[in-house]
Amino acid sequence: MAECKNQRKHVLLLAYQSFGIVFSDLSIPPLYVYKCTFSGRLRHYQNEDTVFGAFSLVFWTLTLFSLFKYVGFMLCANDNGEGGIFALYSVICRHAKFCLLPNQQAADEEISTYHSVGYSYRNVVSSRFKKFVEGHKKMKTALLVLVLFGAAVFITIAIFTPAISILSSVEGLQVRAKNLHHGMLVIIALFLLIGLFVLQHYGMHRVAFIFAPIVILWLLSIAFVGIYNIIKWNPRVYQALSPYYIYKFFGETGKDGWISLGGILLCITGTEVIFAGLGHFTASSIRVAFSFVVYPCLVLQYMGQAAFLSQNFSSVSTSFHSSIPGIACITGIFVTTCLTSMIIDFVWHKNLLVALLYFSFFGIIEIIFVSSSCMRIPKGGWVPLVLSAVFMSVMYVWHYGSRKKYLYDLHNKASMKWILTLGSDLGIVRIPGIGLVYTELASGVPAMFSQFITDLPTFYQVVVFICVKTVPIPYVSQKERYLIGRIGPKPYKMYRCIVRYGYKDVHENDDYDFENAIVMSVAEFIQLEAEGGGTLDGSVDGRLAVVRSSENFGKRFMMSESDGNKESSSWSYPASGSSSRSAALQKLKSMYELESPEFCNRRRIQLKLLDTTYKDSRVKEEILELLEAKDAGVAYVIGHSHIKAKWNATFWKRLLINVFLSFLRKNCRSPSVGLNIPHISLIEVGMNYYL
């Protein structure tokens with residue numbers, strides 16, 4: 001009982017916070033919906049039926065899209081509590097082979113959050129449409145472009161909406177202050193926008209608490225104003241709730257009424273945030289807030305405005321909002337309809353007819369709105385389309401280049417036969433230390449490594465190939481993050497570590513924590529491998545294992561810590577590690593530490609193996625060698641790639657790779673920065689890619 005009570009309190013608290021984040025944009029359109037609707041030729045139809053028809057359109061648009069589609073249906077299509085276009089795409093990619101980057105592994109499907117709760121997909125027969133899309137690369141590419149365009153549209157909406165909403169609110173000052181110049185309104189709006197973005201620096205939860213009471217007060221105020229206008233001006237306006245008035249509206253206005261749908265569409269501006277903001281709140285809290293407060297308040301306000309305008313039509317004024325482009329909004333909504341239809345078929349395994357009915361019902365309505373919005377393209381609607389095209393192009397070019405680079409690495413990876421012929425010393429001098437070789441490959445040895453040991457015949461005694469990849473789920477728990485395996489026979493001391501992140505995970509910032517996590521994971525793998533993998537709980541993919549699921553993970557070591565300013569007795573290199581460092585390198589390291597205060601203040605942790613009994617003495621010996629190598633030093637080896645198009649490539653491919661992709665790569669952070677690799681420990685290997 002107490003637990004249920006606490007759960008209800010939590011839902012109400014989140015519902016309260018959602019007003020300041022999720023519903024702030026949706027609460028502003030009453031300021032300009034009717035002004036935009038009657039800004040064109042529709043202003044020549046000054047009668048009650050036209051106003052009632054416009055209100056009926058607003059009511060049913062808000063009801064069908066905001067209430068039924070998003071609050072009632074879309075919130076169920078979440079990805080482990082996350083919403084948005086990419087969340088829908090990730091759900092589809094998990095249950096169908098639509099991903100164009102071939103780095104998926106069977107072990108990824110064993111992650112606890114990979115499959116939705118309550119659904120079993122093991123023995124379900126795939127639909128014909130799913131098999132058709134999986135078998136055609138062009139269909140998968142088209143789906144990716146659709147998703148990227150939807151995401152680009154959402155970014156564009158996020159650019160325009162704050163400015164439009166705030167300027168709309170400020171323009172209300174002119175109702176009382178007639179002499180207030182428009183330029184002054186713009187200045188006031190600019191200051192408010194700056195203040196809004198400054199507040200976001202303090203976190204979403206604080207912004208939610210600040211704006212929630214403001215939005216609630218605003219909604220209640222416009223609801224009471226709507227009730228007042230209904231009672232005073234035209235109590236019969238409730239009749240317009242009937243869709244019959246929509247029929248009368250188009251029968252009287254014809255083409256002019258169809259063109260006005262662009263203004264009607266503005267009533268659902270911000271609706272997409274209901275689903276996109278799901279990660280900050282819960283579906284229950286959003287439903288409570290919308291169904292009991294937001295929706296009834298908005299309906300009352302739009303009804304009250306219609307009652308007022310039916311008797312005071314000359315009060316409809318045209319302003320800046322008559323040129324608002326609403327096309328970006330409906331395009332994003334249409335993309336979600338397409339993706340949700342696929343989820344109904346591919347993920348929920350409903351009959352294809354159900355998916356088609358869903359797409360037909362909402363898709364046809366949305367296409368009608370899109371066709372109306374297209375009439376506004378020459379009047380300003382081209383701006384969001386151009387911006388969306390630019391954002392989509394940037395994302396697609398980056399994805400195209402990443403995929404081509406991955407396929408090149410996959411095709412040119414070193415053969416295991418060649419590695420084995422080199423012997424356990426790899427035909428080079430093995431020096432004390434650990435070499436973390438970063439590669440995008442989830443299997444095989446990258447060509448970068450073979451090039452390195454060919455040009456410079458020396459490397460560290462322990463080699464760990466690190467693959468940092470993103471899996472199509474929001475979050476990966478720490479105990480499921482590291483996938484460890486061995487490359488070659490034991491004497492080679494070569495391991496593979498696949499570090500898996502969800503698309504909303506934040507990468508670790510402490511490289512020492514990362515180093516220790518890698519070393520402990522490899523040590524645990526050595527132990528579990530000797531035990532025959534009996535404690536892996538089935539989390540095995542060939543020679544790879546999720547080692548952190550073991551109950552004994554981390555219990556075999558003692559960690560001692562010191563900081564850079566004060567050396568403790570626990571921090572000292574072993575004899576083998578110290579002797580491997582020349583006086584010049586030691587001096588260089590000391591100089592770097594003096595010039596980099598942030599390096600000196602970082603934590604330094606040493607791992608020591610506890611006196612644990614091992615059935616096989618060779619296991620303890622291998623783990624001790626691993627710890628000695630870690631104490632001797634850890635180096636990060638990463639490829640410094642230079643990408644060019646092949647000499648015989650087409651003009652468009654050369655333009656895409658040599659110009660656009662090259663520009664993006666030069667203006668993005670280097671991989672070493674993104675992976676938070678310490679500069680003093682970084683070794684870059686030059687690689688030429690001809691795609």
# chains A, B, ... in the order shown; residues from 1 in each chain; ligands from 1
$ residues_around --residues "A:Met342" --least-positions-apart "3" --cutoff "10 Å" --atoms "only C-alpha atoms" --output "list in words"
Leu88, Tyr89, Val91, Ile92, Phe129, Lys130, Thr336, Thr337, Cys338, Leu339, Asp345, Phe346, Val347, Trp348, His349, Leu352, Ala355, Leu356 and Phe359 of chain A
$ select_by_dssp --residues "stretch 407-517 of chain A" --states "strand (DSSP E or B)" --output "number ranges by chain"
A: 414, 429-438, 445, 458-471, 482-486, 494-502
$ atom_distance --atom1 "atom CA of A:Phe465" --atom2 "atom CA of A:Arg496"
4.7 Å
$ closest_residue --among "A:Pro296, A:Pro235, A:Gly423, A:Gly84" --to "A:Leu219" --atoms "only C-alpha atoms"
A:Pro296
$ residues_around --residues "A:Val462" --least-positions-apart "4" --cutoff "10 Å" --atoms "only C-alpha atoms" --output "PyMOL selection string"
chain A and resi 430-436+492-495+625-626+629-630+634
$ residues_around --residues "A:Gly277" --least-positions-apart "2" --cutoff "10 Å" --atoms "only C-alpha atoms" --output "PyMOL selection string"
chain A and resi 18+21-23+81-84+272-275+279-283+286
$ closest_residue --among "A:Lys490, A:Cys36, A:Ala635, A:Pro162" --to "A:Gly195" --atoms "only C-alpha atoms"
A:Pro162
$ residues_around --residues "A:Ile259" --least-positions-apart "6" --cutoff "12 Å" --atoms "only C-alpha atoms" --output "PyMOL selection string"
chain A and resi 36-42+250+253+265+368-377
$ write_last_selection --atoms "N, CA, C and O atoms" --output "PDB file, in the first residue's frame"
ATOM      1  N   CYS A  36      -3.273  33.113 -37.926  1.00  0.00           N
ATOM      2  CA  CYS A  36      -2.675  32.512 -39.121  1.00  0.00           C
ATOM      3  C   CYS A  36      -3.730  31.871 -40.015  1.00  0.00           C
ATOM      4  O   CYS A  36      -3.634  31.918 -41.235  1.00  0.00           O
ATOM      5  N   THR A  37      -4.731  31.286 -39.397  1.00  0.00           N
ATOM      6  CA  THR A  37      -5.777  30.612 -40.174  1.00  0.00           C
ATOM      7  C   THR A  37      -6.539  31.599 -41.045  1.00  0.00           C
ATOM      8  O   THR A  37      -6.841  31.325 -42.216  1.00  0.00           O
ATOM      9  N   PHE A  38      -6.852  32.756 -40.492  1.00  0.00           N
ATOM     10  CA  PHE A  38      -7.642  33.759 -41.218  1.00  0.00           C
ATOM     11  C   PHE A  38      -6.780  34.858 -41.825  1.00  0.00           C
ATOM     12  O   PHE A  38      -7.266  35.952 -42.101  1.00  0.00           O
ATOM     13  N   SER A  39      -5.485  34.577 -42.043  1.00  0.00           N
ATOM     14  CA  SER A  39      -4.602  35.616 -42.578  1.00  0.00           C
ATOM     15  C   SER A  39      -4.654  35.709 -44.097  1.00  0.00           C
ATOM     16  O   SER A  39      -4.281  36.725 -44.668  1.00  0.00           O
ATOM     17  N   GLY A  40      -5.126  34.661 -44.771  1.00  0.00           N
ATOM     18  CA  GLY A  40      -5.188  34.680 -46.233  1.00  0.00           C
ATOM     19  C   GLY A  40      -6.566  35.044 -46.737  1.00  0.00           C
ATOM     20  O   GLY A  40      -7.248  35.925 -46.210  1.00  0.00           O
ATOM     21  N   ARG A  41      -6.970  34.330 -47.774  1.00  0.00           N
ATOM     22  CA  ARG A  41      -8.278  34.608 -48.382  1.00  0.00           C
ATOM     23  C   ARG A  41      -9.430  34.239 -47.461  1.00  0.00           C
ATOM     24  O   ARG A  41     -10.572  34.669 -47.695  1.00  0.00           O
ATOM     25  N   LEU A  42      -9.154  33.452 -46.453  1.00  0.00           N
ATOM     26  CA  LEU A  42     -10.221  33.027 -45.554  1.00  0.00           C
ATOM     27  C   LEU A  42     -10.828  34.200 -44.781  1.00  0.00           C
ATOM     28  O   LEU A  42     -11.934  34.092 -44.253  1.00  0.00           O
ATOM     29  N   PHE A 250     -15.534  23.299 -45.415  1.00  0.00           N
ATOM     30  CA  PHE A 250     -14.934  23.098 -46.734  1.00  0.00           C
ATOM     31  C   PHE A 250     -15.965  23.274 -47.851  1.00  0.00           C
ATOM     32  O   PHE A 250     -15.608  23.679 -48.960  1.00  0.00           O
ATOM     33  N   THR A 253     -15.901  27.208 -48.110  1.00  0.00           N
ATOM     34  CA  THR A 253     -14.638  27.893 -48.409  1.00  0.00           C
ATOM     35  C   THR A 253     -13.863  27.230 -49.542  1.00  0.00           C
ATOM     36  O   THR A 253     -13.038  27.886 -50.182  1.00  0.00           O
ATOM     37  N   LEU A 265      -2.839  23.793 -38.534  1.00  0.00           N
ATOM     38  CA  LEU A 265      -1.788  22.859 -38.129  1.00  0.00           C
ATOM     39  C   LEU A 265      -0.957  23.372 -36.952  1.00  0.00           C
ATOM     40  O   LEU A 265      -0.399  22.583 -36.175  1.00  0.00           O
ATOM     41  N   ILE A 368      -2.760  15.445 -46.252  1.00  0.00           N
ATOM     42  CA  ILE A 368      -3.626  16.590 -46.569  1.00  0.00           C
ATOM     43  C   ILE A 368      -3.047  17.867 -45.968  1.00  0.00           C
ATOM     44  O   ILE A 368      -2.990  18.921 -46.624  1.00  0.00           O
ATOM     45  N   PHE A 369      -2.601  17.786 -44.717  1.00  0.00           N
ATOM     46  CA  PHE A 369      -1.984  18.953 -44.086  1.00  0.00           C
ATOM     47  C   PHE A 369      -0.692  19.351 -44.793  1.00  0.00           C
ATOM     48  O   PHE A 369      -0.395  20.537 -44.967  1.00  0.00           O
ATOM     49  N   VAL A 370       0.111  18.346 -45.192  1.00  0.00           N
ATOM     50  CA  VAL A 370       1.361  18.638 -45.903  1.00  0.00           C
ATOM     51  C   VAL A 370       1.074  19.345 -47.217  1.00  0.00           C
ATOM     52  O   VAL A 370       1.750  20.319 -47.581  1.00  0.00           O
ATOM     53  N   SER A 371       0.076  18.859 -47.943  1.00  0.00           N
ATOM     54  CA  SER A 371      -0.268  19.483 -49.230  1.00  0.00           C
ATOM     55  C   SER A 371      -0.686  20.932 -49.049  1.00  0.00           C
ATOM     56  O   SER A 371      -0.358  21.790 -49.876  1.00  0.00           O
ATOM     57  N   SER A 372      -1.403  21.212 -47.950  1.00  0.00           N
ATOM     58  CA  SER A 372      -1.789  22.597 -47.672  1.00  0.00           C
ATOM     59  C   SER A 372      -0.577  23.438 -47.294  1.00  0.00           C
ATOM     60  O   SER A 372      -0.437  24.584 -47.735  1.00  0.00           O
ATOM     61  N   SER A 373       0.310  22.859 -46.493  1.00  0.00           N
ATOM     62  CA  SER A 373       1.495  23.599 -46.054  1.00  0.00           C
ATOM     63  C   SER A 373       2.434  23.898 -47.209  1.00  0.00           C
ATOM     64  O   SER A 373       3.175  24.892 -47.165  1.00  0.00           O
ATOM     65  N   CYS A 374       2.406  23.056 -48.235  1.00  0.00           N
ATOM     66  CA  CYS A 374       3.282  23.291 -49.388  1.00  0.00           C
ATOM     67  C   CYS A 374       2.955  24.604 -50.097  1.00  0.00           C
ATOM     68  O   CYS A 374       3.817  25.189 -50.773  1.00  0.00           O
ATOM     69  N   MET A 375       1.708  25.064 -49.958  1.00  0.00           N
ATOM     70  CA  MET A 375       1.328  26.340 -50.569  1.00  0.00           C
ATOM     71  C   MET A 375       2.068  27.505 -49.941  1.00  0.00           C
ATOM     72  O   MET A 375       2.153  28.583 -50.526  1.00  0.00           O
ATOM     73  N   ARG A 376       2.615  27.301 -48.730  1.00  0.00           N
ATOM     74  CA  ARG A 376       3.314  28.375 -48.030  1.00  0.00           C
ATOM     75  C   ARG A 376       4.819  28.338 -48.262  1.00  0.00           C
ATOM     76  O   ARG A 376       5.540  29.136 -47.685  1.00  0.00           O
ATOM     77  N   ILE A 377       5.284  27.400 -49.059  1.00  0.00           N
ATOM     78  CA  ILE A 377       6.726  27.313 -49.303  1.00  0.00           C
ATOM     79  C   ILE A 377       7.281  28.600 -49.912  1.00  0.00           C
ATOM     80  O   ILE A 377       8.313  29.101 -49.450  1.00  0.00           O
TER      81      ILE A 377
END
$ closest_residue --among "A:Ile428, A:Val637, A:Val299, A:Leu664" --to "A:Ile680" --atoms "only C-alpha atoms"
A:Val637
$ atom_distance --atom1 "atom CA of A:Ile214" --atom2 "atom CA of A:Ala276"
21.8 Å
$ closest_residue --among "A:Ser443, A:Thr63, A:Gln606, A:Gln46" --to "A:Glu252" --atoms "only C-alpha atoms"
A:Gln46
$ closest_residue --among "A:Leu193, A:Cys329, A:Ala545, A:Ile484" --to "A:Gly532" --atoms "only C-alpha atoms"
A:Ala545
$ closest_residue --among "A:Leu148, A:Arg236, A:Cys267, A:Leu64" --to "A:Leu31" --atoms "only C-alpha atoms"
A:Cys267
$ closest_atom_pairs --of "stretch 135-243 of chain A" --to "stretch 385-393 of chain A" --cutoff "6 Å" --atoms "only C-alpha atoms" --output "JSON lines"
{"residue": "A:Leu148", "atom": "CA", "partner": "A:Met392", "partner_atom": "CA", "distance": 5.5}
{"residue": "A:Phe149", "atom": "CA", "partner": "A:Met392", "partner_atom": "CA", "distance": 5.3}
{"residue": "A:Ala152", "atom": "CA", "partner": "A:Ser388", "partner_atom": "CA", "distance": 4.8}
{"residue": "A:Val153", "atom": "CA", "partner": "A:Ser388", "partner_atom": "CA", "distance": 5.1}
